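Text of input_8.cif, listed as mmCIF, C-alpha atoms:
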data_work
#
loop_
_atom_site.label_atom_id
_atom_site.label_comp_id
_atom_site.auth_asym_id
_atom_site.auth_seq_id
_atom_site.Cartn_x
_atom_site.Cartn_y
_atom_site.Cartn_z
CA MET A 29 90.40 101.52 115.39
CA LYS A 30 90.89 105.15 114.41
CA LEU A 31 88.53 106.56 111.83
CA PRO A 32 90.79 108.06 109.14
CA VAL A 33 90.34 111.66 108.14
CA TYR A 34 90.46 112.10 104.39
CA ALA A 35 91.73 115.17 102.63
CA ALA A 36 92.99 115.62 99.10
CA THR A 37 96.37 116.84 100.36
CA ALA A 38 99.09 115.56 98.06
CA PHE A 39 102.29 114.27 99.63
CA SER A 40 105.12 114.87 97.21
CA ALA A 41 108.79 113.95 97.32
CA ALA A 42 111.39 116.34 96.00
CA ILE A 43 112.50 114.17 93.12
CA SER A 44 114.45 115.75 90.30
CA LEU A 45 115.49 112.53 88.55
CA ALA A 46 113.42 110.71 85.95
CA LEU A 47 110.80 108.42 87.45
CA THR A 48 110.17 104.82 86.44
CA PHE A 49 107.01 102.92 87.28
CA VAL A 50 107.73 99.37 88.40
CA PRO A 51 106.07 96.39 90.04
CA ALA A 52 108.38 95.53 92.93
CA SER A 53 108.67 92.34 94.94
CA GLY A 54 107.52 92.70 98.53
CA LEU A 55 107.36 90.37 101.51
CA GLY A 56 104.42 91.13 103.77
CA HIS A 57 103.74 89.67 107.18
CA HIS A 58 100.08 88.94 106.46
CA ASN A 59 100.19 88.40 102.69
CA GLY A 60 103.55 86.73 102.05
CA GLY A 61 105.40 87.37 98.81
CA VAL A 62 103.51 89.86 96.66
CA GLN A 63 103.98 92.37 93.85
CA ILE A 64 103.29 96.02 94.66
CA ASP A 65 103.33 99.00 92.31
CA VAL A 66 105.94 101.57 93.37
CA THR A 67 107.93 104.40 91.83
CA GLU A 68 111.65 104.01 91.06
CA SER A 69 114.07 106.93 90.81
CA GLY A 70 117.86 107.13 90.88
CA GLY A 71 118.34 103.68 92.37
CA TYR A 72 115.56 104.03 94.95
CA TYR A 73 112.09 102.66 95.38
CA ILE A 74 109.66 105.34 96.53
CA LEU A 75 106.56 103.83 98.11
CA THR A 76 104.19 105.91 96.02
CA ASP A 77 101.79 104.14 93.70
CA PRO A 78 102.40 105.32 90.13
CA LEU A 79 99.08 103.99 88.82
CA ARG A 80 96.65 104.96 91.59
CA PRO A 81 96.91 108.69 92.37
CA GLY A 82 97.13 109.62 96.04
CA ILE A 83 98.20 106.17 97.26
CA SER A 84 101.52 106.00 99.13
CA CYS A 85 102.92 104.63 102.37
CA GLY A 86 104.97 106.42 105.00
CA ILE A 87 106.34 105.61 108.42
CA ASN A 88 105.70 108.14 111.18
CA GLY A 89 106.98 111.47 109.80
CA THR A 90 108.59 110.04 106.66
CA MET A 91 106.12 110.39 103.79
CA PRO A 92 106.56 108.47 101.56
CA VAL A 93 109.22 105.86 102.36
CA LYS A 94 112.31 105.71 100.11
CA LEU A 95 114.38 102.52 99.90
CA PRO A 96 117.26 101.18 97.76
CA SER A 97 115.80 99.56 94.66
CA GLY A 98 116.39 96.04 93.42
CA ALA A 99 115.93 94.18 96.70
CA THR A 100 112.72 92.70 98.05
CA ILE A 101 110.79 95.30 100.04
CA GLY A 102 110.08 94.16 103.60
CA ASN A 103 111.25 91.11 105.52
CA GLY A 104 107.94 89.52 106.53
CA ARG A 105 108.40 90.24 110.25
CA ARG A 106 105.35 91.39 112.15
CA ASN A 107 107.12 94.28 113.90
CA ASP A 108 108.86 95.65 110.79
CA THR A 109 107.39 98.95 109.61
CA VAL A 110 108.50 98.55 105.97
CA THR A 111 106.85 95.12 105.93
CA ALA A 112 103.68 96.77 107.21
CA CYS A 113 103.87 99.20 104.28
CA VAL A 114 104.08 96.23 101.90
CA ASP A 115 100.88 94.78 103.34
CA VAL A 116 99.13 98.16 103.21
CA LEU A 117 100.11 98.92 99.62
CA TYR A 118 99.17 95.43 98.49
CA GLY A 119 95.82 95.70 100.27
CA VAL A 120 94.83 99.16 99.06
CA GLN A 121 95.94 98.36 95.50
CA ARG A 122 93.70 95.28 95.52
CA MET A 123 90.87 97.36 96.99
CA TRP A 124 91.27 100.04 94.28
CA ASP A 125 91.10 97.35 91.60
CA MET A 126 88.10 95.70 93.27
CA LEU A 127 86.23 99.01 93.36
CA ARG A 128 86.95 99.47 89.65
CA ASP A 129 86.32 95.92 88.43
CA TRP A 130 83.46 94.84 90.68
CA LEU A 131 81.71 98.03 91.81
CA GLY A 132 82.42 100.53 89.01
CA ARG A 133 83.96 103.17 91.30
CA ASN A 134 86.80 105.41 90.14
CA GLY A 135 89.39 105.21 92.89
CA ILE A 136 88.85 105.27 96.62
CA ASN A 137 87.17 108.67 96.65
CA GLY A 138 85.14 108.14 93.47
CA SER A 139 87.08 110.81 91.59
CA GLY A 140 90.21 108.86 90.76
CA ARG A 141 92.18 109.45 93.94
CA GLY A 142 93.09 107.69 97.15
CA ALA A 143 94.66 108.77 100.42
CA PRO A 144 98.18 108.17 101.74
CA ALA A 145 98.75 105.52 104.41
CA ARG A 146 101.04 105.83 107.39
CA ILE A 147 102.51 103.22 109.72
CA VAL A 148 102.59 104.78 113.17
CA THR A 149 104.72 103.51 116.07
CA GLY A 150 103.79 106.30 118.47
CA THR A 151 100.67 108.34 119.10
CA PRO A 152 98.71 108.94 115.86
CA ILE A 153 98.48 112.59 114.89
CA PRO A 154 95.20 113.63 113.26
CA GLY A 155 95.71 114.55 109.65
CA SER A 156 95.09 113.51 106.08
CA THR A 157 96.57 110.01 106.29
CA VAL A 158 95.00 106.61 106.88
CA ASP A 159 96.93 105.44 109.94
CA PHE A 160 97.88 101.91 111.00
CA PRO A 161 99.24 102.19 114.55
CA GLY A 162 101.21 99.55 116.42
CA SER A 163 104.55 98.58 117.91
CA GLN A 164 105.16 94.83 117.91
CA SER A 165 102.62 94.27 115.13
CA PHE A 166 100.38 96.30 112.85
CA PRO A 167 96.71 95.86 111.79
CA THR A 168 97.52 95.52 108.09
CA GLN A 169 95.63 92.37 107.05
CA LEU A 170 93.79 92.61 103.74
CA ASP A 171 90.38 93.05 105.33
CA LEU A 172 91.64 95.61 107.86
CA VAL A 173 93.30 97.67 105.12
CA GLY A 174 90.04 97.44 103.18
CA HIS A 175 88.18 98.40 106.35
CA GLN A 176 90.25 101.51 106.98
CA TYR A 177 90.03 102.66 103.38
CA GLY A 178 86.36 101.70 103.43
CA HIS A 179 85.89 104.58 105.84
CA VAL A 180 87.32 106.86 103.14
CA VAL A 181 84.79 105.48 100.64
CA TYR A 182 81.99 106.10 103.14
CA GLN A 183 83.27 109.59 103.89
CA THR A 184 83.52 110.56 100.22
CA THR A 185 80.05 109.42 99.21
CA PRO A 186 77.10 111.83 99.62
CA GLY A 187 76.32 112.84 103.19
CA GLY A 188 79.84 112.29 104.52
CA THR A 189 80.26 110.52 107.84
CA GLY A 190 77.16 111.93 109.52
CA ALA A 191 76.82 111.82 113.29
CA GLY A 192 75.50 109.61 116.06
CA ASN A 193 76.10 106.01 117.06
CA GLU A 194 73.62 104.52 114.61
CA ASN A 195 75.23 106.31 111.67
CA GLY A 196 78.61 105.37 113.12
CA GLY A 197 77.55 101.73 113.25
CA ILE A 198 76.50 101.88 109.60
CA ASN A 199 79.89 103.43 108.80
CA GLU A 200 81.73 100.65 110.66
CA GLY A 201 79.57 98.03 108.97
CA ALA A 202 80.26 99.58 105.57
CA ALA A 203 84.00 99.47 106.28
CA ASP A 204 83.76 95.76 107.17
CA ILE A 205 81.86 95.16 103.94
CA PHE A 206 84.61 96.80 101.91
CA GLY A 207 87.23 94.85 103.84
CA THR A 208 85.41 91.61 103.02
CA LEU A 209 85.09 92.50 99.34
CA THR A 210 88.79 93.38 99.19
CA GLU A 211 89.83 90.06 100.73
CA TRP A 212 87.65 88.04 98.34
CA TYR A 213 88.88 90.02 95.33
CA ALA A 214 92.54 89.48 96.25
CA ASN A 215 92.00 85.75 96.87
CA ASN A 216 95.47 85.57 98.41
CA PRO A 217 96.55 81.98 99.27
CA VAL A 218 98.35 83.19 102.41
CA ASP A 219 95.21 84.96 103.69
CA LEU A 220 92.32 83.05 102.16
CA PRO A 221 89.04 84.99 101.87
CA ASP A 222 86.34 84.51 104.46
CA TYR A 223 83.64 86.41 106.31
CA GLU A 224 85.66 87.16 109.42
CA ILE A 225 87.33 90.54 110.01
CA GLY A 226 90.92 90.69 111.24
CA GLU A 227 91.32 86.94 111.74
CA GLY A 228 94.83 86.08 112.85
CA SER A 229 95.11 89.50 114.43
CA ASP A 230 97.71 89.94 117.14
CA LEU A 231 95.34 92.41 118.79
CA ILE A 232 93.22 89.72 120.48
CA GLY A 233 95.43 86.65 120.39
CA GLY A 234 94.79 85.45 116.87
CA GLY A 235 90.99 85.39 116.85
CA PRO A 236 88.79 87.45 114.54
CA LEU A 237 87.93 90.98 115.58
CA ARG A 238 84.43 90.61 114.13
CA HIS A 239 82.25 88.04 112.40
CA THR A 240 80.08 89.11 109.48
CA TYR A 241 77.81 86.07 109.37
CA ASN A 242 77.02 86.05 113.10
CA PRO A 243 77.92 89.22 115.02
CA SER A 244 76.66 87.68 118.27
CA LEU A 245 79.92 85.70 118.32
CA ASP A 246 81.58 89.05 119.11
CA GLY A 247 78.96 90.02 121.68
CA HIS A 248 77.39 92.35 119.08
CA PRO A 249 73.71 92.40 118.12
CA ASN A 250 72.64 90.40 115.09
CA CYS A 251 69.33 92.26 114.93
CA TYR A 252 68.26 95.87 114.83
CA SER A 253 66.49 97.21 117.91
CA ALA A 254 65.71 100.49 119.64
CA GLN A 255 68.98 100.10 121.56
CA ILE A 256 71.19 100.51 118.46
CA PRO A 257 71.32 104.35 118.61
CA ALA A 258 72.87 104.07 122.10
CA THR A 259 75.24 101.21 121.21
CA GLU A 260 79.01 101.60 120.68
CA VAL A 261 79.65 101.97 116.96
CA HIS A 262 81.51 98.68 116.31
CA ALA A 263 78.73 96.78 118.08
CA ALA A 264 76.08 98.88 116.31
CA SER A 265 77.53 97.65 113.02
CA GLY A 266 76.26 94.13 113.73
CA PRO A 267 72.97 94.35 111.79
CA MET A 268 74.75 96.02 108.86
CA ARG A 269 77.34 93.32 108.28
CA HIS A 270 74.82 90.57 109.13
CA TRP A 271 72.46 91.92 106.44
CA PHE A 272 75.25 91.96 103.88
CA TYR A 273 76.22 88.35 104.54
CA LEU A 274 72.61 87.23 104.17
CA LEU A 275 72.29 89.25 100.96
CA ALA A 276 75.48 87.83 99.49
CA GLU A 277 75.46 84.24 100.77
CA GLY A 278 72.08 83.57 102.36
CA SER A 279 71.24 81.90 105.64
CA THR A 280 72.47 78.39 104.75
CA PRO A 281 74.89 78.79 101.85
CA GLY A 282 76.76 75.50 102.20
CA ARG A 283 80.00 74.98 100.24
CA GLY A 284 81.98 75.39 103.45
CA LYS A 285 80.48 78.79 104.24
CA PRO A 286 78.86 79.22 107.65
CA SER A 287 75.14 79.39 108.27
CA SER A 288 73.76 82.71 109.45
CA PRO A 289 70.94 83.15 111.98
CA ILE A 290 67.66 84.91 111.23
CA CYS A 291 66.09 87.25 113.77
CA ALA A 292 62.66 86.65 115.28
CA GLY A 293 59.87 87.53 112.89
CA GLY A 294 62.11 87.20 109.84
CA PRO A 295 61.69 84.85 106.88
CA ALA A 296 62.31 81.14 107.27
CA SER A 297 65.42 81.43 105.11
CA VAL A 298 67.26 83.78 102.77
CA THR A 299 68.93 82.77 99.50
CA GLY A 300 71.92 84.96 98.64
CA ILE A 301 72.51 86.70 95.32
CA GLY A 302 76.33 86.41 95.33
CA LEU A 303 79.07 88.59 96.75
CA VAL A 304 79.75 90.80 93.73
CA LYS A 305 76.08 91.49 93.06
CA ALA A 306 75.54 92.30 96.74
CA GLY A 307 78.56 94.61 96.66
CA ARG A 308 77.17 96.48 93.68
CA VAL A 309 73.83 96.97 95.41
CA PHE A 310 75.55 98.29 98.53
CA MET A 311 77.87 100.63 96.59
CA GLN A 312 74.91 102.05 94.68
CA SER A 313 73.08 102.51 97.99
CA LEU A 314 75.93 104.64 99.36
CA LEU A 315 75.39 107.07 96.48
CA ARG A 316 71.96 107.79 98.03
CA LYS A 317 73.39 108.40 101.51
CA THR A 318 72.55 111.46 103.57
CA SER A 319 74.20 112.81 106.71
CA GLY A 320 71.20 111.66 108.75
CA TRP A 321 71.28 108.05 107.57
CA ARG A 322 69.78 105.40 109.82
CA TYR A 323 69.21 101.69 109.22
CA VAL A 324 65.73 102.28 107.79
CA HIS A 325 67.21 104.68 105.24
CA VAL A 326 69.83 102.13 104.20
CA ARG A 327 67.04 99.62 103.65
CA THR A 328 65.09 101.95 101.35
CA ALA A 329 68.23 103.00 99.48
CA SER A 330 69.30 99.40 98.91
CA VAL A 331 65.88 98.34 97.57
CA MET A 332 65.90 101.30 95.17
CA SER A 333 69.47 100.48 94.16
CA ALA A 334 68.68 96.82 93.48
CA ILE A 335 65.81 97.91 91.22
CA ASP A 336 67.98 100.50 89.47
CA LEU A 337 70.74 97.97 88.82
CA TYR A 338 68.78 94.82 88.03
CA GLY A 339 65.10 95.69 87.68
CA PRO A 340 62.12 95.04 89.98
CA ALA A 341 61.68 91.43 88.83
CA ASP A 342 65.25 90.37 89.53
CA PRO A 343 65.82 88.16 92.62
CA ALA A 344 68.04 90.92 94.04
CA CYS A 345 64.99 93.04 94.87
CA VAL A 346 63.23 90.34 96.89
CA THR A 347 66.47 89.22 98.56
CA VAL A 348 67.43 92.74 99.67
CA LYS A 349 64.06 93.01 101.41
CA ALA A 350 64.26 89.51 102.87
CA ALA A 351 67.75 90.11 104.26
CA TRP A 352 66.59 93.30 105.98
CA ASP A 353 63.56 91.48 107.39
CA ALA A 354 65.98 88.84 108.67
CA VAL A 355 67.88 91.44 110.74
CA SER A 356 64.71 93.17 112.00
CA VAL A 357 64.93 96.38 109.95
CA PRO A 358 61.30 96.99 108.92
CA ALA A 359 59.94 98.04 105.54
CA GLN A 360 59.29 101.75 105.05
CA PRO A 361 56.31 103.54 103.42
CA ALA A 362 58.52 104.93 100.63
CA GLU A 363 60.02 101.54 99.80
CA PRO A 364 59.32 100.50 96.20
CA ALA A 365 57.75 97.13 95.47
CA CYS A 366 59.39 94.27 93.62
CA ALA A 367 57.70 92.88 90.51
CA PRO A 368 56.78 89.21 90.14
CA ALA A 369 59.53 87.16 88.57
CA PRO A 370 58.77 86.35 84.92
CA ALA A 371 57.20 82.96 84.31
CA ARG A 372 59.54 80.28 83.01
#

Final structure tokens representation of the file:
Amino acid sequence: MKLPVYAATAFSAAISLALTFVPASGLGHHNGGVQIDVTESGGYYILTDPLRPGISCGINGTMPVKLPSGATIGNGRRNDTVTACVDVLYGVQRMWDMLRDWLGRNGINGSGRGAPARIVTGTPIPGSTVDFPGSQSFPTQLDLVGHQYGHVVYQTTPGGTGAGNENGGINEGAADIFGTLTEWYANNPVDLPDYEIGEGSDLIGGGPLRHTYNPSLDGHPNCYSAQIPATEVHAASGPMRHWFYLLAEGSTPGRGKPSSPICAGGPASVTGIGLVKAGRVFMQSLLRKTSGWRYVHVRTASVMSAIDLYGPADPACVTVKAAWDAVSVPAQPAEPACAPAPAR
């Protein structure tokens, strides 16, 4: 999946008539009937978000799309490009709100802006859009929209995208984490939240593209090793997303959620701290990112972030460490210690 290139380039339509901000009815292929925020002008819907600056949807060279107003946007068909725009706008709007409500971030880029999306039916052209390429179907599920825009979050936190396969694996893992958070925040009954990425995808016959709770199901490593720096980036993301699942849900969460394996030498079990709390720790960790980030640096940053957010005696501190131990990322000399939990 193409890593989007973010730039603050504004796509603007030449609109001389008064603009109205409206929630419009859309019919997505992956999300069903939804409400999306669009701009209305002179009897047309313009697929530009009036509430979230920088968010819009275009198709190939048409940026943004303009459609007659009043009717439902999209027809629900998997090969329809306007329908794909409905799914993208719904997904990125839910992600924006999740970042605000759960993680305290101002927009996708942290400064109150997003990036325009584009549905591409030909060869993607590098630029300042987040592209969703396809022909008979498009990768516009909630978690895949969150994944693609998760790359923008990663890119616009300190240190940028960095370089190398290990950093690339962390980037891909971060994008899957944001896709997961977006899906759980939306809680859409047509695409119920889970810890699989791209489930129902037409790309591989309906199966998930990746599993968060057990990356080995994808042929990806569950555990960190010396081979990670030479591993393809999606596979190298395995320990990252595995750690996050253990942090959020634990190794045997129950309640219909799958168990997650623990690597050799790890703790006997891990008890999760909850998805939102785990998301906050991870978001805070990204604010400590450098261009040379490796898994050991993410570990140290996440321990420091858990202490900053919740204090050294909170269970988050111990669980962050335990989850890293469970995926074979070792403690570092600069890693702060947790404090004993207060007596009850």

Residue by residue, what does the PyMOL selection byres ((chain A and resi 110) around 12) grab here? Present the result as a PDB file with C-alpha atoms, keeping the file's coordinate frame.
ATOM      1  CA  GLY A  54     107.520  92.700  98.530  1.00  0.00           C
ATOM      2  CA  LEU A  55     107.360  90.370 101.510  1.00  0.00           C
ATOM      3  CA  GLY A  56     104.420  91.130 103.770  1.00  0.00           C
ATOM      4  CA  HIS A  57     103.740  89.670 107.180  1.00  0.00           C
ATOM      5  CA  TYR A  73     112.090 102.660  95.380  1.00  0.00           C
ATOM      6  CA  ILE A  74     109.660 105.340  96.530  1.00  0.00           C
ATOM      7  CA  LEU A  75     106.560 103.830  98.110  1.00  0.00           C
ATOM      8  CA  CYS A  85     102.920 104.630 102.370  1.00  0.00           C
ATOM      9  CA  GLY A  86     104.970 106.420 105.000  1.00  0.00           C
ATOM     10  CA  ILE A  87     106.340 105.610 108.420  1.00  0.00           C
ATOM     11  CA  ASN A  88     105.700 108.140 111.180  1.00  0.00           C
ATOM     12  CA  THR A  90     108.590 110.040 106.660  1.00  0.00           C
ATOM     13  CA  PRO A  92     106.560 108.470 101.560  1.00  0.00           C
ATOM     14  CA  VAL A  93     109.220 105.860 102.360  1.00  0.00           C
ATOM     15  CA  LYS A  94     112.310 105.710 100.110  1.00  0.00           C
ATOM     16  CA  LEU A  95     114.380 102.520  99.900  1.00  0.00           C
ATOM     17  CA  THR A 100     112.720  92.700  98.050  1.00  0.00           C
ATOM     18  CA  ILE A 101     110.790  95.300 100.040  1.00  0.00           C
ATOM     19  CA  GLY A 102     110.080  94.160 103.600  1.00  0.00           C
ATOM     20  CA  ASN A 103     111.250  91.110 105.520  1.00  0.00           C
ATOM     21  CA  GLY A 104     107.940  89.520 106.530  1.00  0.00           C
ATOM     22  CA  ARG A 105     108.400  90.240 110.250  1.00  0.00           C
ATOM     23  CA  ARG A 106     105.350  91.390 112.150  1.00  0.00           C
ATOM     24  CA  ASN A 107     107.120  94.280 113.900  1.00  0.00           C
ATOM     25  CA  ASP A 108     108.860  95.650 110.790  1.00  0.00           C
ATOM     26  CA  THR A 109     107.390  98.950 109.610  1.00  0.00           C
ATOM     27  CA  THR A 111     106.850  95.120 105.930  1.00  0.00           C
ATOM     28  CA  ALA A 112     103.680  96.770 107.210  1.00  0.00           C
ATOM     29  CA  CYS A 113     103.870  99.200 104.280  1.00  0.00           C
ATOM     30  CA  VAL A 114     104.080  96.230 101.900  1.00  0.00           C
ATOM     31  CA  ASP A 115     100.880  94.780 103.340  1.00  0.00           C
ATOM     32  CA  VAL A 116      99.130  98.160 103.210  1.00  0.00           C
ATOM     33  CA  LEU A 117     100.110  98.920  99.620  1.00  0.00           C
ATOM     34  CA  ARG A 146     101.040 105.830 107.390  1.00  0.00           C
ATOM     35  CA  ILE A 147     102.510 103.220 109.720  1.00  0.00           C
ATOM     36  CA  VAL A 148     102.590 104.780 113.170  1.00  0.00           C
ATOM     37  CA  THR A 149     104.720 103.510 116.070  1.00  0.00           C
ATOM     38  CA  SER A 165     102.620  94.270 115.130  1.00  0.00           C
ATOM     39  CA  PHE A 166     100.380  96.300 112.850  1.00  0.00           C
ATOM     40  CA  THR A 168      97.520  95.520 108.090  1.00  0.00           C
TER      41      THR A 168
END

### Task
Could you tell me which residues the PyMOL selection byres ((chain A and resi 341-353) around 10) grabs in this file, written as a ChimeraX atom specification?
/A:251-252,267-268,270-276,278-279,290-302,305-306,309-310,323-324,326-328,330-340,354-359,363-370

### Message
Can you measure CA of Val173 (chain A) to CA of Ala258 (chain A) for me? One decimal in Å is fine.
### Response
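So the answer is 27.3 Å.
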
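The closest residue to Leu172 (chain A), picked from A:Arg141, A:Arg133, A:His58, A:Arg316 and counting all atoms listed in the file, is A:His58.
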
### Task
Check what the PyMOL selection byres ((chain A and resi 124-127) around 9) selects in the file above and give those residues as a list in words.
Arg80, Gly119, Val120, Gln121, Arg122, Met123, Arg128, Asp129, Trp130, Leu131, Gly132, Arg133, Asn134, Gly135, Ile136, Gly142, Phe206, Leu209, Thr210, Tyr213 and Ala214 of chain A

### Separation of CA of Glu200 (chain A) from CA of Ala264 (chain A), in Å and rounded to one decimal
8.2 Å

## Note on the structure
A straight line from CA of Thr189 (chain A) to CA of Ser253 (chain A) spans 21.6 Å

#### Entry: Selected residue, from A:Ile256, A:Leu170, A:Ala143, A:Val158, that lies nearest to Glu224 (chain A) when counting all atoms listed in the file
A:Leu170

### Task
Name the closest residue to Leu220 (chain A) among the candidates A:Ala203, A:Leu314, A:Gln169, A:Glu260; distances are taken between atoms, counting all atoms listed in the file.
A:Gln169

Can you tell me, as lines of an AutoDock Vina configuration file, the centre and edge lengths (Å, one decimal) of the axis-aligned box enclosing all of region 217-221 of chain A's listed atoms after padding each side by 4 Å?
center_x = 93.7
center_y = 83.5
center_z = 101.5
size_x = 17.3
size_y = 11.0
size_z = 12.4

### Task
May I ask which of the residues A:Gly190, A:Gly207, A:Gly60, A:Gly138 is the closest one to Ile225 (chain A), counting all atoms listed in the file?
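Closest residue, counting all atoms listed in the file: A:Gly207.
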
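Checking A:Ala191, A:Met311, A:Ala202, A:Leu245 one by one against Gly174 (chain A), counting all atoms listed in the file, you find the shortest gap at A:Ala202.
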
### Nearest to Ala263 (chain A), chosen from A:Ile198, A:Met91, A:Val218, A:Ile205, with all atoms listed in the file counted in the distances
A:Ile198
